[in-house]
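Student: Okay, handing you the structure first.
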Protein chains: 4
Amino acid sequence: MRAVEIRGFSLDQMAIVERPDPAPGPGQALVRLRAASLNFRDLLTVQGKYNPKLKLPLIPCSDGAGEVVAIGDGVTRVRPGDRVCAIFAQRWIAGEPTRERLRSTLGGPLDGTLTELAVFDQEGLVKVPDHLTDEEAATLPCAAVTAWTALQGITAGDTVLLQGTGGVSIFALQLARLLGARVIITSSSDEKLARARELGAAEGINYRETPDWAARVKELAGGAGVDLVVEVGGAGTLKQSLQSVRMGGTIALLGVLAGNTAEISLPLIFMQNVRVQGILVGPRESFEAMNRAIALHQLHPVIDRVFPLEDVRAAFEHMGAGGHFGKIVVRI
Amino acid sequence: MRAVEIRGFSLDQMAIVERPDPAPGPGQALVRLRAASLNFRDLLTVQGKYNPKLKLPLIPCSDGAGEVVAIGDGVTRVRPGDRVCAIFAQRWIAGEPTRERLRSTLGGPLDGTLTELAVFDQEGLVKVPDHLTDEEAATLPCAAVTAWTALQGITAGDTVLLQGTGGVSIFALQLARLLGARVIITSSSDEKLARARELGAAEGINYRETPDWAARVKELAGGAGVDLVVEVGGAGTLKQSLQSVRMGGTIALLGVLAGNTAEISLPLIFMQNVRVQGILVGPRESFEAMNRAIALHQLHPVIDRVFPLEDVRAAFEHMGAGGHFGKIVVRI
Amino acid sequence: MRAVEIRGFSLDQMAIVERPDPAPGPGQALVRLRAASLNFRDLLTVQGKYNPKLKLPLIPCSDGAGEVVAIGDGVTRVRPGDRVCAIFAQRWIAGEPTRERLRSTLGGPLDGTLTELAVFDQEGLVKVPDHLTDEEAATLPCAAVTAWTALQGITAGDTVLLQGTGGVSIFALQLARLLGARVIITSSSDEKLARARELGAAEGINYRETPDWAARVKELAGGAGVDLVVEVGGAGTLKQSLQSVRMGGTIALLGVLAGNTAEISLPLIFMQNVRVQGILVGPRESFEAMNRAIALHQLHPVIDRVFPLEDVRAAFEHMGAGGHFGKIVVRI
Amino acid sequence: MRAVEIRGFSLDQMAIVERPDPAPGPGQALVRLRAASLNFRDLLTVQGKYNPKLKLPLIPCSDGAGEVVAIGDGVTRVRPGDRVCAIFAQRWIAGEPTRERLRSTLGGPLDGTLTELAVFDQEGLVKVPDHLTDEEAATLPCAAVTAWTALQGITAGDTVLLQGTGGVSIFALQLARLLGARVIITSSSDEKLARARELGAAEGINYRETPDWAARVKELAGGAGVDLVVEVGGAGTLKQSLQSVRMGGTIALLGVLAGNTAEISLPLIFMQNVRVQGILVGPRESFEAMNRAIALHQLHPVIDRVFPLEDVRAAFEHMGAGGHFGKIVVRI
């Protein structure tokens with residue numbers, strides 16, 4: 001089988017290699033992967049910025065979808081022919097994240113999904129909603145589950161602030177709409193804001209034109225502020241996010257696109273009873289619950305662009321350029 | 001002013017009377033009521049079946065909408081001209097119900113909304129979403145808030161079973177759709193099921209044709225059962241409701257149309273980890289949260305029929321006949 | 001190895017037999033069991049009353065403790081020498097119960113703990129708090145975890161009503177005290193009530209002397225009723241439990257000692273906003289959280305009597321007689 | 001009556017003045033205050049650092065206890081002779097904090113408790129547990145309720161990290177023990193750590209001797225970190241607090257003793273699934289729930305020192321010096 005390997009921490013040292021075909025042991029399934037999708041974490045991993053201690057060579061990417069082609073003894077959850085996604089942390093089935101569970105994360109430390117074949121424990125797979133293509137299904141495991149987790153507690157009539165039009169934010173937009181919430185979204189591009197509105201955003205703010213966007217968010221939210229900010233920007237945005245949220249509201253802190261360290265005004269948190277909640281994808285149970293919603297509403301993930309496996313480097317470079325709208329997919 | 005009074009516990013002893021116009025004290029608002037809506041509880045109250053110890057004469061009905069026409073000292077929450085609903089239990093603003101809070105329920109023990117004028121504490125009022133007529137707004141305080149409370153915890157992709165097409169069930173249908181849930185509904189009438197489907201129900205079951213509807217519900221819910229049953233039938237339906245719900249699911253028990261005493265199989269509860277949750281309307285905070293959802297989605301309550309004040313007895317008889325679809329309203 | 005087998009559904013057909021020693025496969029541990037404890041469910045299982053379709057022969061009992069004596073490949077959670085308990089449903093690690101997870105319950109459908117040796121998946125084991133004997137540890141998996149689950153949401157200052165002095169109720173008493181709650185307990189025996197007081201119960205009610213105990217409970221709870229009833233009696237007690245609980249309180253419904261079918265007054269549930277919550281043991285995560293509490297407070301389970309393996313029938317008969325206070329243990 | 005007034009923003013401009021005795025209106029109670037307690041917020045208020053826009057003159061302090069001496073029409077919650085505390089935000093009865101509710105906070109913007117007589121709405125009072133002195137009761141409204149709120153979700157067996165020995169931290173210590181939790185506490189003084197151990201702390205860390213206390217906390221918490229940090233230090237401690245908490249744990253952010261702005265490492269939040277929860281005292285419902293716990297366990301607040309009203313300035317200076325252990329009280 002062919003697979004993509006990181007042999008050293010740079011895009012230059014990522015290569016397509018031949019590896020022997022794996023075989024499923026007891027309780028395992030062999031999956032022929034058809035598509036993988038990229039997350040910002042995958043780019044950081046290849047660059048050695050996510051975890052420079054990772055053992056190489058490593059097959060990158062946590063997200064992928066494919067078809068079960070063989071099963072080992074005792075497998076009851078899936079059958080050959082089933083279309084499946086692998087879950088982000090293979091042993092995180094339910095409950096809270098733990099170090100032990102996260103040690104089973106695909107794309108580091110475990111080999112990931114940029115491979116033609118892979119063996120997974122049957123517990124580490126979920127079935128794909130029927131209406132999705134393989135490319136669409138491949139976008140779900142990290143970005144969509146993260147967005148779903150970030151939206152927990154949001155109900156119809158609530159207002160959610162989203163930042164930018166990357167994979168997580170666009171999933172958060174689509175899923176927030178399923179939950180009946182109102183979405184305000186920021187971007188540097190009026191064209192992207194227009195596309196976000198087509199997907200259901202009520203309001204768009206061009207942060208280039210409105211650098212003090214927090215004031216505009218509050219105004220659009222009726223003065224009190226939004227119920228939830230899905231914070232993806234980090235140091236560059238957290239201050240205004242804290243100004244945008246209502247008393248008693250939540251900042252779901254997902255990751256950082258710009259700077260690991262932020263200077264924050266603590267009274268904005270404790271005087272406002274605000275909750276800053278770190279979000280770390282979610283367990284299989286959340287993935288399955290989200291899939292029920294996706295299936296019921298026939299939601300289609302937004303794919304920015306699909307690259308063939310041979311152009312995998314271009315896919316990572318496209319992620320690095322940051323101009324995408326939705327998910328970047330590699331067809332395998 | 002004119003008001004409807006219960007002078008003895010029967011429809012025969014309900015009459016339209018003249019009472020002196022009230023005036024607002026400190027912290028109070030005088031409201032000119034434009035419409036009231038009926039709940040089954042109001043019929044039971046008139047008949048003396050709800051609480052035979054209630055002091056008479058009493059103005060019936062908990063639900064109404066109108067316009068603030070005057071305010072007392074220190075009123076800041078509303079202004080003359082505001083369109084408002086009175087809340088079900090006037091002192092239940094947030095938190096759990098208590099006996100003390102419920103002693104402030106309109107339509108018994110406090111005078112209710114079938115009156116041209118009434119004085120309410122400013123804390124006991126909520127503003128009406130702009131897109132609603134007075135008749136529509138008058139349907140919200142008891143039935144819609146009850147449905148909203150019953151749906152707490154329901155999220156996109158969940159499946160909800162509703163029973164019949166009375167006021168609470170039709171609100172639960174509309175609100176469950178806002179939350180992204182899938183609705184299965186039962187009725188004795190194919191025509192009503194067709195109307196429920198127009199409102200967004202995914203499936204309808206005619207319980208005349210399918211008396212063993214629990215089996216059909218499970219089938220429609222993919223074998224495992226539904227996440228929530230909004231139980232309004234009582235003794236006549238609870239057994240099948242317990243058979244319809246999934247392991248770990250919820251039965252929201254709202255009231256009883258048929259029999260106060262039910263024989264239930266306890267293992268259906270504890271072997272299935274089922275929760276039977278008694279539901280008692282909700283506080284003002286829930287009403288306000290629901291109104292945000294109603295306003296955002298421009299939801300219009302379903303009104304079965306509007307009666308003029310003079311025909312108030314006919315309105316109660318129509319409620320008693322039980323053939324309505326949605327809410328019964330009295331224009332004042 | 002020796003094991004107890006149910007060969008037919010009666011105590012007469014339970015026997016001690018020789019079986020070949022099992023060996024651990026990948027991810028599994030071999031455990032030498034030192035003690036098992038009985039639950040009412042185990043007696044019903046032997047009598048064919050719990051699930052008459054169970055495949056025989058079967059090793060009964062879900063609860064046991066022992067020592068890891070060998071491990072298979074890839075085992076990291078336990079090492080030889082570790083003292084462990086097996087969890088009730090072997091694949092229920094976290095999250096909600098599901099049919100699939102419950103199919104891994106020990107003592108039916110899977111072979112249980114009344115055996116000298118058994119092989120468990122490493123995920124199905126928890127470590128024993130150091131201060132406990134094997135007999136004490138063997139009491140935890142079903143009864144203590146059930147009590148812990150039933151008490152979720154209880155906090156310091158709350159009042160809990162317990163029924164009788166069986167294994168679950170005595171654990172609920174001890175654990176409720178750790179949580180800072182006040183306990184009222186019922187029994188038919190003044191002597192047992194005295195022992196319950198020694199364990200921290202604030203009040204005891206002899207239900208023989210006070211058959212209308214609900215009134216007395218309300219009085220002791222200051223008129224409003226208790227926050228939680230841990231209901232173990234079923235048909236014989238549920239009516240008074242519903243009268244004992246406060247508005248907005250909870251009945252944790254655990255199982256039935258007396259009658260599967262109860263006639264209940266529905267208004268007691270919906271007019272009081274009461275929650276009736278079916279309880280089904282709990283996942284490994286709950287067991288581990290409980291063990292942290294047991295270890296911190298050096299709590300010792302209350303053992304009614306320890307039987308040698310040879311007298312296992314007498315142990316079951318003792319359970320059937322119903323006069324025990326705390327847990328019945330079999331030493332292996 | 002005599003009262004303390006802030007006439008300008010400095011301790012120098014705080015004076016004891018004569019004001020006319022107030023009289024209760026409808027729904028109100030007149031309370032003869034016997035004791036008030038100080039919070040750091042009160043000191044900041046006097047110094048003009050909390051809210052320099054506050055209208056003066058103002059009677060400072062949110063916390064006080066006394067006796068109802070007269071009631072207005074329609075008062076049912078209290079009677080003359082009742083011993084009561086005023087609640088922090090007079091209109092925050094239940095539910096979430098809102099701007100409107102917080103505008104009713106005592107000691108700014110409303111007149112506070114450093115006065116011989118005050119009129120409160122009956123809804124803004126709670127009864128004092130019988131076993132408490134007036135001085136003890138006066139310590140509860142802000143500090144104890146804040147600690148109670150911060151501990152929500154903590155259960156028996158959990159580990160809590162507390163910082164220093166000020167009023168909130170010592171209440172958190174006492175209340176965490178009632179909940180069955182284990183407490184690790186930091187201080188600059190071995191003597192204070194010894195006193196904290198007497199109150200039930202399991203471990204004390206002298207942060208002078210161990211400036212890198214986070215490492216020690218993790219070690220004491222078994223390597224994974226604590227379940228909850230009650231963060232009172234602000235900029236000086238937040239970094240180490242984030243290093244001390246377990247994956248999925250909580251930082252309850254209460255206020256800042258040292259610096260409003262902190263530089264924080266965001267990955268410590270999102271890679272660890274940590275929740276940073278701003279805490280803002282709590283509603284009357286929380287106060288009442290806490291009082292049930294305090295009464296059941298006969299908990300006595302820890303009073304550092306009681307000052308007579310005449311020495312009120314010394315009391316504020318003592319607060320400013322920061323060496324106290326527990327609460328500072330003024331007898332009125």
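Going by the structure tokens order, chains are called A, B, ..., each with residues numbered from 1, while ligands are numbered from 1 in the order shown.
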Fewer than 3 positions away in the same chain doesn't count, so skip those; otherwise give me all residues within 7 Å of range 41-48 of chain C, counting only C-alpha atoms, as number ranges by chain.
Tutor: C: 6, 9-11, 38, 51-52, 60-61, 316
Student: Go ahead and write the residues just picked, all heavy atoms, as a short mmCIF file (atom, residue, chain, number, x, y, z; two decimals), in the first residue's frame.
Tutor:
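Resulting contents of again.cif:
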```cif
data_model
loop_
_atom_site.label_atom_id
_atom_site.label_comp_id
_atom_site.auth_asym_id
_atom_site.auth_seq_id
_atom_site.Cartn_x
_atom_site.Cartn_y
_atom_site.Cartn_z
N ILE C 6 -24.43 -22.25 37.65
CA ILE C 6 -25.88 -22.46 37.62
C ILE C 6 -26.13 -23.41 36.47
O ILE C 6 -25.82 -23.09 35.31
CB ILE C 6 -26.66 -21.16 37.34
CG1 ILE C 6 -26.16 -20.00 38.20
CG2 ILE C 6 -28.15 -21.38 37.53
CD1 ILE C 6 -26.79 -18.65 37.82
N PHE C 9 -32.35 -23.38 36.65
CA PHE C 9 -32.78 -22.21 37.41
C PHE C 9 -33.37 -22.56 38.77
O PHE C 9 -34.59 -22.49 38.97
CB PHE C 9 -33.75 -21.38 36.58
CG PHE C 9 -33.08 -20.63 35.46
CD1 PHE C 9 -33.49 -20.80 34.15
CD2 PHE C 9 -32.03 -19.77 35.71
CE1 PHE C 9 -32.88 -20.10 33.11
CE2 PHE C 9 -31.41 -19.07 34.69
CZ PHE C 9 -31.82 -19.24 33.39
N SER C 10 -32.53 -22.97 39.69
CA SER C 10 -32.93 -23.13 41.08
C SER C 10 -31.67 -23.26 41.91
O SER C 10 -30.62 -23.64 41.40
CB SER C 10 -33.83 -24.37 41.27
OG SER C 10 -33.02 -25.50 41.44
N LEU C 11 -31.80 -22.96 43.18
CA LEU C 11 -30.64 -23.08 44.06
C LEU C 11 -30.14 -24.52 44.08
O LEU C 11 -28.94 -24.77 44.26
CB LEU C 11 -31.01 -22.63 45.48
CG LEU C 11 -31.14 -21.11 45.68
CD1 LEU C 11 -31.48 -20.81 47.14
CD2 LEU C 11 -29.86 -20.39 45.29
N LEU C 38 -22.84 -10.81 46.88
CA LEU C 38 -24.15 -11.11 46.27
C LEU C 38 -25.00 -9.86 46.18
O LEU C 38 -25.00 -9.02 47.08
CB LEU C 38 -24.91 -12.13 47.12
CG LEU C 38 -24.23 -13.47 47.40
CD1 LEU C 38 -25.28 -14.45 47.94
CD2 LEU C 38 -23.59 -14.03 46.15
N ASN C 51 -33.76 -13.28 34.22
CA ASN C 51 -33.80 -13.43 32.76
C ASN C 51 -33.82 -14.91 32.44
O ASN C 51 -32.79 -15.56 32.36
CB ASN C 51 -32.56 -12.76 32.13
CG ASN C 51 -32.57 -12.92 30.63
OD1 ASN C 51 -33.47 -13.55 30.06
ND2 ASN C 51 -31.56 -12.37 29.97
N PRO C 52 -35.01 -15.45 32.26
CA PRO C 52 -35.13 -16.91 32.07
C PRO C 52 -34.52 -17.39 30.76
O PRO C 52 -34.40 -18.59 30.56
CB PRO C 52 -36.64 -17.15 32.11
CG PRO C 52 -37.27 -15.84 31.87
CD PRO C 52 -36.30 -14.77 32.28
N PRO C 60 -22.44 -17.45 38.35
CA PRO C 60 -23.21 -16.28 38.80
C PRO C 60 -22.33 -15.21 39.46
O PRO C 60 -21.16 -15.43 39.73
CB PRO C 60 -24.19 -16.87 39.81
CG PRO C 60 -23.48 -18.07 40.35
CD PRO C 60 -22.60 -18.60 39.25
N CYS C 61 -22.96 -14.08 39.74
CA CYS C 61 -22.43 -12.93 40.50
C CYS C 61 -21.62 -11.96 39.64
O CYS C 61 -20.69 -12.34 38.94
CB CYS C 61 -21.59 -13.36 41.70
SG CYS C 61 -22.62 -14.01 43.01
N PHE C 316 -26.77 -17.51 49.37
CA PHE C 316 -27.95 -17.10 48.58
C PHE C 316 -29.22 -17.19 49.41
O PHE C 316 -30.11 -16.35 49.29
CB PHE C 316 -28.06 -17.97 47.32
CG PHE C 316 -27.19 -17.50 46.18
CD1 PHE C 316 -25.88 -17.94 46.05
CD2 PHE C 316 -27.66 -16.58 45.26
CE1 PHE C 316 -25.07 -17.49 45.00
CE2 PHE C 316 -26.87 -16.12 44.22
CZ PHE C 316 -25.56 -16.59 44.08
#
```
Student: Residues within 7 Å of Leu228 in chain C, please, as a PyMOL selection string. Count only C-alpha atoms; anything in the same chain fewer than 5 positions from it doesn't count.
Tutor: chain C and resi 159-161+245+249-251
Student: Keeping only all heavy atoms, write the selected residues to a file as a PDB file, in the first residue's frame.
Tutor:
```pdb
ATOM      1  N   THR C 159     -31.133  16.535  52.019  1.00  0.00           N
ATOM      2  CA  THR C 159     -31.674  15.438  52.814  1.00  0.00           C
ATOM      3  C   THR C 159     -32.067  14.282  51.895  1.00  0.00           C
ATOM      4  O   THR C 159     -32.716  14.481  50.875  1.00  0.00           O
ATOM      5  CB  THR C 159     -32.905  15.901  53.628  1.00  0.00           C
ATOM      6  OG1 THR C 159     -32.502  16.978  54.478  1.00  0.00           O
ATOM      7  CG2 THR C 159     -33.463  14.779  54.476  1.00  0.00           C
ATOM      8  N   VAL C 160     -31.647  13.085  52.299  1.00  0.00           N
ATOM      9  CA  VAL C 160     -31.847  11.887  51.495  1.00  0.00           C
ATOM     10  C   VAL C 160     -32.642  10.876  52.312  1.00  0.00           C
ATOM     11  O   VAL C 160     -32.338  10.659  53.485  1.00  0.00           O
ATOM     12  CB  VAL C 160     -30.488  11.269  51.103  1.00  0.00           C
ATOM     13  CG1 VAL C 160     -30.672   9.976  50.336  1.00  0.00           C
ATOM     14  CG2 VAL C 160     -29.666  12.267  50.297  1.00  0.00           C
ATOM     15  N   LEU C 161     -33.657  10.269  51.680  1.00  0.00           N
ATOM     16  CA  LEU C 161     -34.412   9.206  52.334  1.00  0.00           C
ATOM     17  C   LEU C 161     -33.970   7.852  51.791  1.00  0.00           C
ATOM     18  O   LEU C 161     -33.985   7.631  50.573  1.00  0.00           O
ATOM     19  CB  LEU C 161     -35.916   9.387  52.075  1.00  0.00           C
ATOM     20  CG  LEU C 161     -36.801   8.239  52.576  1.00  0.00           C
ATOM     21  CD1 LEU C 161     -36.752   8.137  54.100  1.00  0.00           C
ATOM     22  CD2 LEU C 161     -38.232   8.412  52.086  1.00  0.00           C
ATOM     23  N   VAL C 245     -41.106  13.269  48.875  1.00  0.00           N
ATOM     24  CA  VAL C 245     -40.096  14.062  48.187  1.00  0.00           C
ATOM     25  C   VAL C 245     -40.573  15.507  48.043  1.00  0.00           C
ATOM     26  O   VAL C 245     -41.763  15.777  47.953  1.00  0.00           O
ATOM     27  CB  VAL C 245     -39.776  13.415  46.817  1.00  0.00           C
ATOM     28  CG1 VAL C 245     -40.883  13.659  45.807  1.00  0.00           C
ATOM     29  CG2 VAL C 245     -38.440  13.876  46.287  1.00  0.00           C
ATOM     30  N   GLY C 249     -37.849  17.566  43.642  1.00  0.00           N
ATOM     31  CA  GLY C 249     -36.911  16.553  44.099  1.00  0.00           C
ATOM     32  C   GLY C 249     -36.848  15.342  43.176  1.00  0.00           C
ATOM     33  O   GLY C 249     -37.486  15.311  42.120  1.00  0.00           O
ATOM     34  N   THR C 250     -36.077  14.349  43.599  1.00  0.00           N
ATOM     35  CA  THR C 250     -35.800  13.192  42.760  1.00  0.00           C
ATOM     36  C   THR C 250     -36.092  11.889  43.491  1.00  0.00           C
ATOM     37  O   THR C 250     -35.801  11.770  44.677  1.00  0.00           O
ATOM     38  CB  THR C 250     -34.309  13.189  42.342  1.00  0.00           C
ATOM     39  OG1 THR C 250     -34.038  14.365  41.591  1.00  0.00           O
ATOM     40  CG2 THR C 250     -33.953  11.972  41.504  1.00  0.00           C
ATOM     41  N   ILE C 251     -36.697  10.959  42.743  1.00  0.00           N
ATOM     42  CA  ILE C 251     -36.787   9.572  43.212  1.00  0.00           C
ATOM     43  C   ILE C 251     -35.832   8.770  42.352  1.00  0.00           C
ATOM     44  O   ILE C 251     -36.046   8.639  41.143  1.00  0.00           O
ATOM     45  CB  ILE C 251     -38.214   9.016  43.026  1.00  0.00           C
ATOM     46  CG1 ILE C 251     -39.254   9.970  43.595  1.00  0.00           C
ATOM     47  CG2 ILE C 251     -38.301   7.594  43.560  1.00  0.00           C
ATOM     48  CD1 ILE C 251     -39.961   9.522  44.802  1.00  0.00           C
TER      49      ILE C 251
END
```
Student: Check which residues of chain A sit at most 12 Å from chain C using only C-alpha atoms, and return one row each with the closest pair of atoms and their distance in Å to one decimal, ordered by chain and rising number, as JSON lines.
Tutor:
```
{"residue": "A:Gly25", "atom": "CA", "partner": "C:Pro26", "partner_atom": "CA", "distance": 10.2}
{"residue": "A:Pro26", "atom": "CA", "partner": "C:Pro26", "partner_atom": "CA", "distance": 9.0}
{"residue": "A:Gly27", "atom": "CA", "partner": "C:Pro26", "partner_atom": "CA", "distance": 10.6}
{"residue": "A:Thr76", "atom": "CA", "partner": "C:Glu100", "partner_atom": "CA", "distance": 10.1}
{"residue": "A:Arg77", "atom": "CA", "partner": "C:Glu100", "partner_atom": "CA", "distance": 9.7}
{"residue": "A:Arg91", "atom": "CA", "partner": "C:Glu123", "partner_atom": "CA", "distance": 10.5}
{"residue": "A:Trp92", "atom": "CA", "partner": "C:Ala94", "partner_atom": "CA", "distance": 9.4}
{"residue": "A:Ile93", "atom": "CA", "partner": "C:Ala94", "partner_atom": "CA", "distance": 7.5}
{"residue": "A:Ala94", "atom": "CA", "partner": "C:Gly95", "partner_atom": "CA", "distance": 5.1}
{"residue": "A:Gly95", "atom": "CA", "partner": "C:Ala94", "partner_atom": "CA", "distance": 5.1}
{"residue": "A:Glu96", "atom": "CA", "partner": "C:Ala94", "partner_atom": "CA", "distance": 8.4}
{"residue": "A:Pro97", "atom": "CA", "partner": "C:Ala94", "partner_atom": "CA", "distance": 10.9}
{"residue": "A:Thr98", "atom": "CA", "partner": "C:Glu285", "partner_atom": "CA", "distance": 11.3}
{"residue": "A:Glu100", "atom": "CA", "partner": "C:Arg77", "partner_atom": "CA", "distance": 9.7}
{"residue": "A:Arg101", "atom": "CA", "partner": "C:Glu123", "partner_atom": "CA", "distance": 11.9}
{"residue": "A:Glu123", "atom": "CA", "partner": "C:Arg91", "partner_atom": "CA", "distance": 10.5}
{"residue": "A:Pro283", "atom": "CA", "partner": "C:Gly95", "partner_atom": "CA", "distance": 9.7}
{"residue": "A:Arg284", "atom": "CA", "partner": "C:Gly95", "partner_atom": "CA", "distance": 10.2}
{"residue": "A:Glu285", "atom": "CA", "partner": "C:Gly95", "partner_atom": "CA", "distance": 7.8}
{"residue": "A:Ser286", "atom": "CA", "partner": "C:Gly95", "partner_atom": "CA", "distance": 10.3}
```
Student: Running DSSP on the backbone, which parts of range 102-216 of chain B land in strand (DSSP E), as a PyMOL selection string?
Tutor: chain B and resi 117-121+125-127+159-163+182-187+203-206
